Amino acid sequence: MKNLYIILVSLLLVSSCSSDLDQTPPLEAGSASLTDFRGVLNAAYFYQQATTTPLAIMGDFRADNMLMAEEPYPSFDRFDSDLAGGDLVGQFFGPYYTNLYKAILSANNVIDNSTDATEVAEAQFLRGLSYFKLVKVFGDVTVNLSPTPSVDDLSLLTRQSATSVYNEVIIPDLQGAIAGLDNSGQGSGRATQIAAQGMLGKVYMQIGDFTSAQSQLAAVVNGADGAGITLLPNFADIFAADTDLNSEIIFATQQSSSIDDLYGFTLFPGWFAGGDTKSLMPLDQDLVDAFDDSPGDLRRDLTIDAATMTGPKWGGGLEQDFIELRLGDVILLYAEALNETGNSTGALAELDKIRTRAGLANSTAASQSEVRSAIADERRLELALEGQRWFDLVRTGTVDEEMGVPVNSQYHIFPIPQSEINATNGVITQNAGY
């Protein structure tokens, strides 16, 4: 795979408006010549930037929250091979795939060569996060854990099962990050122990290991105050441009107009706000209906504009960080884990934290099934336009029910970029159906 052969090193730290992560990593030297791996680590952060818009599009436009209008973009709303069309791959799947492998290669360099234990733990977090993003979107993926992969080793190009990637890479990396990090960097944009715990809990939820998820998510919920993480009283404050890295954000990928943009298309705030001609009125009526079923919901005006059929949630534009994990998300995942392990009473207590902030009465759900549905409904409203919806439907097995049509499971994941298949003479294979 061509991306495995890029040895990326960043040496130049560029100051900017948000933090020391706002920088462009130049291609300058090989890892053997380095003694300071700070720049290489920052490159692993930087490459996440180009994944945010594709992830947001896949999470909401593939689901029942947002719609495309201009062909071939409505392929996101169909479930057939059309999604593998060149325009879509070039704009969404290609940049997502390429930059995650660049982030992985940068992280590999730090993990193998840095003598700074905190740098290594941050790199483990970023590598685990990168592979988690890859398997959620593509299923089986190629795995490279070396900073200098051999161009002759075709085994590096063979796609590994998503299960093995979870068990052999993602979970161990996040466990290593938990062991090697503390929470002193919370609010700086860097990985922390509590971010690694939260992401590991999210991973366990994705694979249906509710017991393991409950343990990690409980650590986040119970340790939030001590780490300076709080559920903001005002929902809108989470998304204000001048409150990036606020106390509800556990981990975010930073965006800034002062950073060279790796992603050369409309960014996620523009897509949701109708700023791209391919979807001038992107709001799906189904999401409007969901808010209509939640009268008095304080999240409504921030999330949807039914008059213009747009989503104003990300008002910060180019300055808006993409939230990878926040406390509201973790609380709802924790509620779900509690309910799935038989503690529906505890689940309702967590669910009602989110409903109270939204100006809603406590849930009247009673049975495990009712609580499950109530949590799913709440996640949709709480996390709309945050790139979560489609992946929630897939992991909970509710795609057909919520989309209102039978969807072949091969379309639960997305097409591998054809350029990767071509570059490896077919050693990397395409997902079924594409």
# chains A, B, ... in the order shown; residues from 1 in each chain; ligands from 1
$ select_by_dssp --residues "range 124-353 of chain A" --states "alpha helix (DSSP H)" --output "number ranges by chain"
A: 124-138, 162-165, 171-180, 193-206, 210-223, 268-272, 285-292, 300-303, 327-340, 344-353
$ residues_around --residues "range 262-277 of chain A" --least-positions-apart "6" --cutoff "10 Å" --atoms "only C-alpha atoms" --output "VMD selection string"
chain A and resid 24 46 to 57 60 to 61 65 to 70 91 to 92 95 to 96 99 255 283 303 to 305 308 to 322 385 to 387
$ atom_distance --atom1 "CA of Arg379 in chain A" --atom2 "CA of Leu332 in chain A"
6.8 Å
$ select_by_dssp --residues "range 175-281 of chain A" --states "strand (DSSP E)" --output "ChimeraX atom specification"
/A:249-253
$ closest_atom_pairs --of "range 356-394 of chain A" --to "range 222-240 of chain A" --cutoff "12 Å" --atoms "only C-alpha atoms" --output "tab-separated table"
residue	atom	partner	partner_atom	distance
A:Thr356	CA	A:Pro233	CA	9.5
A:Arg357	CA	A:Pro233	CA	6.3
A:Ala358	CA	A:Phe235	CA	7.3
A:Gly359	CA	A:Phe235	CA	10.2
A:Leu381	CA	A:Phe235	CA	11.7
A:Glu382	CA	A:Phe235	CA	9.1
A:Leu383	CA	A:Phe235	CA	11.1
A:Leu385	CA	A:Phe239	CA	11.3
A:Glu386	CA	A:Phe239	CA	10.6
$ write_last_selection --atoms "N, CA and C atoms" --output "CSV table (one decimal), in the first residue's frame"
chain,number,residue,atom,x,y,z
A,356,THR,N,-32.4,16.2,31.6
A,356,THR,CA,-32.6,17.4,32.4
A,356,THR,C,-31.9,18.6,31.8
A,357,ARG,N,-30.7,18.4,31.3
A,357,ARG,CA,-30.1,19.5,30.6
A,357,ARG,C,-30.8,20.0,29.4
A,358,ALA,N,-31.5,19.1,28.7
A,358,ALA,CA,-32.2,19.4,27.5
A,358,ALA,C,-33.6,20.0,27.8
A,359,GLY,N,-33.9,20.2,29.1
A,359,GLY,CA,-35.2,20.7,29.5
A,359,GLY,C,-36.3,19.8,29.5
A,381,LEU,N,-30.8,12.6,19.4
A,381,LEU,CA,-31.1,14.1,19.6
A,381,LEU,C,-29.8,14.8,20.1
A,382,GLU,N,-29.2,14.1,21.1
A,382,GLU,CA,-28.0,14.7,21.7
A,382,GLU,C,-26.8,14.8,20.8
A,383,LEU,N,-26.6,13.8,20.0
A,383,LEU,CA,-25.4,13.8,19.2
A,383,LEU,C,-25.6,14.0,17.7
A,385,LEU,N,-25.6,15.4,14.1
A,385,LEU,CA,-24.6,16.2,13.4
A,385,LEU,C,-23.2,16.1,14.0
A,386,GLU,N,-23.0,15.1,14.7
A,386,GLU,CA,-21.7,14.9,15.3
A,386,GLU,C,-21.0,13.6,14.7
$ atom_distance --atom1 "CA of Thr398 in chain A" --atom2 "CA of Ser279 in chain A"
25.9 Å
$ residues_around --residues "Leu351 in chain A" --least-positions-apart "6" --cutoff "8 Å" --atoms "only C-alpha atoms" --output "number ranges by chain"
A: 331-332, 335, 363, 375, 378
$ write_last_selection --atoms "C-alpha atoms" --output "PDB file, in the first residue's frame"
ATOM      1  CA  ILE A 331     -22.875   9.320  29.880  1.00  0.00           C
ATOM      2  CA  LEU A 332     -25.300   7.921  27.315  1.00  0.00           C
ATOM      3  CA  ALA A 335     -26.385   4.293  30.510  1.00  0.00           C
ATOM      4  CA  SER A 363     -37.803   9.248  31.258  1.00  0.00           C
ATOM      5  CA  ILE A 375     -31.368   5.772  25.243  1.00  0.00           C
ATOM      6  CA  GLU A 378     -31.727  10.371  23.280  1.00  0.00           C
TER       7      GLU A 378
END
$ atom_distance --atom1 "CA of Leu393 in chain A" --atom2 "CA of Asp87 in chain A"
25.6 Å
$ residues_around --residues "Ala290 in chain A" --least-positions-apart "2" --cutoff "10 Å" --atoms "only C-alpha atoms" --output "PyMOL selection string"
chain A and resi 65+285-288+292-295+300+377-378+380-381
$ residues_around --residues "Arg159 in chain A" --least-positions-apart "4" --cutoff "10 Å" --atoms "only C-alpha atoms" --output "ChimeraX atom specification"
/A:139-143,155,165,427-430
$ residues_around --residues "Ile250 in chain A" --least-positions-apart "2" --cutoff "9 Å" --atoms "only C-alpha atoms" --output "list of chain:residue names"
A:Gln186, A:Gly187, A:Gly189, A:Ala191, A:Thr192, A:Ile194, A:Ala195, A:Gly198, A:Ile229, A:Leu245, A:Asn246, A:Ser247, A:Glu248, A:Ala252, A:Ile323, A:Glu324, A:Leu325, A:Arg326, A:Leu327
$ write_last_selection --atoms "C-alpha atoms" --output "mmCIF file, in the first residue's frame"
data_model
loop_
_atom_site.group_PDB
_atom_site.id
_atom_site.type_symbol
_atom_site.label_atom_id
_atom_site.label_comp_id
_atom_site.auth_asym_id
_atom_site.auth_seq_id
_atom_site.Cartn_x
_atom_site.Cartn_y
_atom_site.Cartn_z
ATOM 1 C CA GLN A 186 -6.890 17.891 29.763
ATOM 2 C CA GLY A 187 -8.148 20.942 27.907
ATOM 3 C CA GLY A 189 -6.052 19.249 22.878
ATOM 4 C CA ALA A 191 -4.554 12.843 24.649
ATOM 5 C CA THR A 192 -5.167 12.128 28.316
ATOM 6 C CA ILE A 194 -9.512 9.853 30.737
ATOM 7 C CA ALA A 195 -9.753 10.302 26.955
ATOM 8 C CA GLY A 198 -13.543 6.931 27.269
ATOM 9 C CA ILE A 229 -14.569 17.603 32.905
ATOM 10 C CA LEU A 245 -11.824 22.657 24.237
ATOM 11 C CA ASN A 246 -14.463 23.533 26.845
ATOM 12 C CA SER A 247 -14.890 21.421 29.952
ATOM 13 C CA GLU A 248 -17.345 18.963 28.359
ATOM 14 C CA ALA A 252 -11.355 16.871 19.941
ATOM 15 C CA ILE A 323 -15.512 16.594 18.830
ATOM 16 C CA GLU A 324 -14.255 13.034 18.944
ATOM 17 C CA LEU A 325 -15.520 12.381 22.488
ATOM 18 C CA ARG A 326 -17.458 14.440 25.023
ATOM 19 C CA LEU A 327 -18.998 13.738 28.392
#
$ closest_residue --among "A:Pro149, A:Ser106, A:Arg299, A:Ala306" --to "Ser130 in chain A" --atoms "only C-alpha atoms"
A:Ser106
$ closest_residue --among "A:Ile416, A:Val151, A:Ile354, A:Ala423" --to "Leu88 in chain A" --atoms "only C-alpha atoms"
A:Ile416
$ residues_around --residues "Asp352 in chain A" --least-positions-apart "3" --cutoff "8 Å" --atoms "only C-alpha atoms" --output "list in words"
Leu348, Ala349, Arg355, Thr356, Ala361, Asn362 and Ser363 of chain A
$ write_last_selection --atoms "C-alpha atoms" --output "PDB file, in the first residue's frame"
ATOM      1  CA  LEU A 348     -32.189   5.748  33.800  1.00  0.00           C
ATOM      2  CA  ALA A 349     -30.291   7.836  36.346  1.00  0.00           C
ATOM      3  CA  ARG A 355     -32.674  14.879  29.562  1.00  0.00           C
ATOM      4  CA  THR A 356     -32.598  17.378  32.434  1.00  0.00           C
ATOM      5  CA  ALA A 361     -38.776  15.463  32.175  1.00  0.00           C
ATOM      6  CA  ASN A 362     -37.257  12.265  33.458  1.00  0.00           C
ATOM      7  CA  SER A 363     -37.803   9.248  31.258  1.00  0.00           C
TER       8      SER A 363
END
$ closest_residue --among "A:Ile178, A:Ala103, A:Leu154, A:Val221" --to "Gly328 in chain A" --atoms "only C-alpha atoms"
A:Val221
$ decode --residues "range 31-123 of chain A" --atoms "C-alpha atoms" --output "PDB file, in the first residue's frame"
ATOM      1  CA  SER A  31      13.327   8.563  11.848  1.00  0.00           C
ATOM      2  CA  ALA A  32      16.864   7.259  12.162  1.00  0.00           C
ATOM      3  CA  SER A  33      18.196  10.837  12.222  1.00  0.00           C
ATOM      4  CA  LEU A  34      15.867  12.043  14.990  1.00  0.00           C
ATOM      5  CA  THR A  35      16.359  12.390  18.704  1.00  0.00           C
ATOM      6  CA  ASP A  36      13.304  14.570  19.369  1.00  0.00           C
ATOM      7  CA  PHE A  37      10.009  12.965  18.347  1.00  0.00           C
ATOM      8  CA  ARG A  38       7.697  15.735  19.465  1.00  0.00           C
ATOM      9  CA  GLY A  39       7.171  16.887  15.892  1.00  0.00           C
ATOM     10  CA  VAL A  40       6.438  13.372  14.682  1.00  0.00           C
ATOM     11  CA  LEU A  41       3.848  12.971  17.430  1.00  0.00           C
ATOM     12  CA  ASN A  42       2.243  16.247  16.461  1.00  0.00           C
ATOM     13  CA  ALA A  43       2.033  14.977  12.883  1.00  0.00           C
ATOM     14  CA  ALA A  44      -0.058  12.040  14.139  1.00  0.00           C
ATOM     15  CA  TYR A  45      -2.457  14.578  15.654  1.00  0.00           C
ATOM     16  CA  PHE A  46      -2.382  16.762  12.556  1.00  0.00           C
ATOM     17  CA  TYR A  47      -3.396  14.018  10.141  1.00  0.00           C
ATOM     18  CA  GLN A  48      -6.636  13.465  12.078  1.00  0.00           C
ATOM     19  CA  GLN A  49      -7.760  16.816  10.694  1.00  0.00           C
ATOM     20  CA  ALA A  50      -8.474  15.424   7.229  1.00  0.00           C
ATOM     21  CA  THR A  51     -10.687  12.665   8.667  1.00  0.00           C
ATOM     22  CA  THR A  52     -13.213  14.867  10.438  1.00  0.00           C
ATOM     23  CA  THR A  53     -15.412  15.919   7.520  1.00  0.00           C
ATOM     24  CA  PRO A  54     -15.558  12.449   5.927  1.00  0.00           C
ATOM     25  CA  LEU A  55     -16.460  10.945   9.300  1.00  0.00           C
ATOM     26  CA  ALA A  56     -19.201  13.527   9.870  1.00  0.00           C
ATOM     27  CA  ILE A  57     -20.617  12.915   6.389  1.00  0.00           C
ATOM     28  CA  MET A  58     -20.574   9.144   6.800  1.00  0.00           C
ATOM     29  CA  GLY A  59     -22.119   9.349  10.258  1.00  0.00           C
ATOM     30  CA  ASP A  60     -25.039  11.645   9.461  1.00  0.00           C
ATOM     31  CA  PHE A  61     -25.609  11.715   5.697  1.00  0.00           C
ATOM     32  CA  ARG A  62     -25.525   7.911   5.442  1.00  0.00           C
ATOM     33  CA  ALA A  63     -28.134   7.794   8.190  1.00  0.00           C
ATOM     34  CA  ASP A  64     -31.515   9.477   8.571  1.00  0.00           C
ATOM     35  CA  ASN A  65     -30.294  12.866   9.807  1.00  0.00           C
ATOM     36  CA  MET A  66     -29.031  14.504   6.617  1.00  0.00           C
ATOM     37  CA  LEU A  67     -29.597  14.256   2.853  1.00  0.00           C
ATOM     38  CA  MET A  68     -27.585  14.857  -0.317  1.00  0.00           C
ATOM     39  CA  ALA A  69     -29.241  16.436  -3.375  1.00  0.00           C
ATOM     40  CA  GLU A  70     -26.908  16.501  -6.394  1.00  0.00           C
ATOM     41  CA  GLU A  71     -25.777  13.290  -8.083  1.00  0.00           C
ATOM     42  CA  PRO A  72     -23.725  11.265  -7.409  1.00  0.00           C
ATOM     43  CA  TYR A  73     -23.896  12.407  -3.773  1.00  0.00           C
ATOM     44  CA  PRO A  74     -27.362  10.939  -3.057  1.00  0.00           C
ATOM     45  CA  SER A  75     -25.584   7.581  -3.224  1.00  0.00           C
ATOM     46  CA  PHE A  76     -25.122   8.133   0.498  1.00  0.00           C
ATOM     47  CA  ASP A  77     -28.885   7.756   0.829  1.00  0.00           C
ATOM     48  CA  ARG A  78     -29.008   4.607  -1.279  1.00  0.00           C
ATOM     49  CA  PHE A  79     -27.586   1.237  -0.371  1.00  0.00           C
ATOM     50  CA  ASP A  80     -25.908  -0.096  -3.483  1.00  0.00           C
ATOM     51  CA  SER A  81     -22.591  -0.080  -5.322  1.00  0.00           C
ATOM     52  CA  ASP A  82     -23.002   3.537  -6.477  1.00  0.00           C
ATOM     53  CA  LEU A  83     -21.302   4.746  -3.300  1.00  0.00           C
ATOM     54  CA  ALA A  84     -17.974   3.563  -4.736  1.00  0.00           C
ATOM     55  CA  GLY A  85     -18.160   6.222  -7.461  1.00  0.00           C
ATOM     56  CA  GLY A  86     -14.998   8.183  -8.142  1.00  0.00           C
ATOM     57  CA  ASP A  87     -16.215  11.595  -6.969  1.00  0.00           C
ATOM     58  CA  LEU A  88     -17.316  10.258  -3.611  1.00  0.00           C
ATOM     59  CA  VAL A  89     -14.170   8.222  -3.042  1.00  0.00           C
ATOM     60  CA  GLY A  90     -11.954  11.143  -3.942  1.00  0.00           C
ATOM     61  CA  GLN A  91     -13.772  13.546  -1.668  1.00  0.00           C
ATOM     62  CA  PHE A  92     -14.526  11.368   1.346  1.00  0.00           C
ATOM     63  CA  PHE A  93     -13.134   7.831   1.547  1.00  0.00           C
ATOM     64  CA  GLY A  94      -9.754   8.506  -0.050  1.00  0.00           C
ATOM     65  CA  PRO A  95      -8.650  11.379   2.213  1.00  0.00           C
ATOM     66  CA  TYR A  96     -10.011   9.531   5.238  1.00  0.00           C
ATOM     67  CA  TYR A  97      -8.108   6.333   4.446  1.00  0.00           C
ATOM     68  CA  THR A  98      -4.858   7.999   3.372  1.00  0.00           C
ATOM     69  CA  ASN A  99      -4.497  10.369   6.286  1.00  0.00           C
ATOM     70  CA  LEU A 100      -5.297   7.769   8.915  1.00  0.00           C
ATOM     71  CA  TYR A 101      -2.456   5.605   7.622  1.00  0.00           C
ATOM     72  CA  LYS A 102      -0.161   8.626   7.666  1.00  0.00           C
ATOM     73  CA  ALA A 103      -1.173   9.220  11.294  1.00  0.00           C
ATOM     74  CA  ILE A 104      -0.499   5.555  12.056  1.00  0.00           C
ATOM     75  CA  LEU A 105       2.951   5.682  10.489  1.00  0.00           C
ATOM     76  CA  SER A 106       3.808   8.796  12.500  1.00  0.00           C
ATOM     77  CA  ALA A 107       2.572   7.108  15.676  1.00  0.00           C
ATOM     78  CA  ASN A 108       4.626   4.002  14.877  1.00  0.00           C
ATOM     79  CA  ASN A 109       7.768   6.138  14.686  1.00  0.00           C
ATOM     80  CA  VAL A 110       7.101   7.596  18.120  1.00  0.00           C
ATOM     81  CA  ILE A 111       6.160   4.280  19.735  1.00  0.00           C
ATOM     82  CA  ASP A 112       9.270   2.509  18.435  1.00  0.00           C
ATOM     83  CA  ASN A 113      11.821   5.282  18.821  1.00  0.00           C
ATOM     84  CA  SER A 114      10.897   7.891  21.415  1.00  0.00           C
ATOM     85  CA  THR A 115      12.349   7.578  24.903  1.00  0.00           C
ATOM     86  CA  ASP A 116       9.662   9.853  26.342  1.00  0.00           C
ATOM     87  CA  ALA A 117       7.025   7.634  27.978  1.00  0.00           C
ATOM     88  CA  THR A 118       4.294  10.272  27.693  1.00  0.00           C
ATOM     89  CA  GLU A 119       4.961  10.743  23.980  1.00  0.00           C
ATOM     90  CA  VAL A 120       4.746   6.991  23.472  1.00  0.00           C
ATOM     91  CA  ALA A 121       1.427   6.800  25.349  1.00  0.00           C
ATOM     92  CA  GLU A 122      -0.016   9.677  23.311  1.00  0.00           C
ATOM     93  CA  ALA A 123       1.085   7.905  20.129  1.00  0.00           C
TER      94      ALA A 123
END
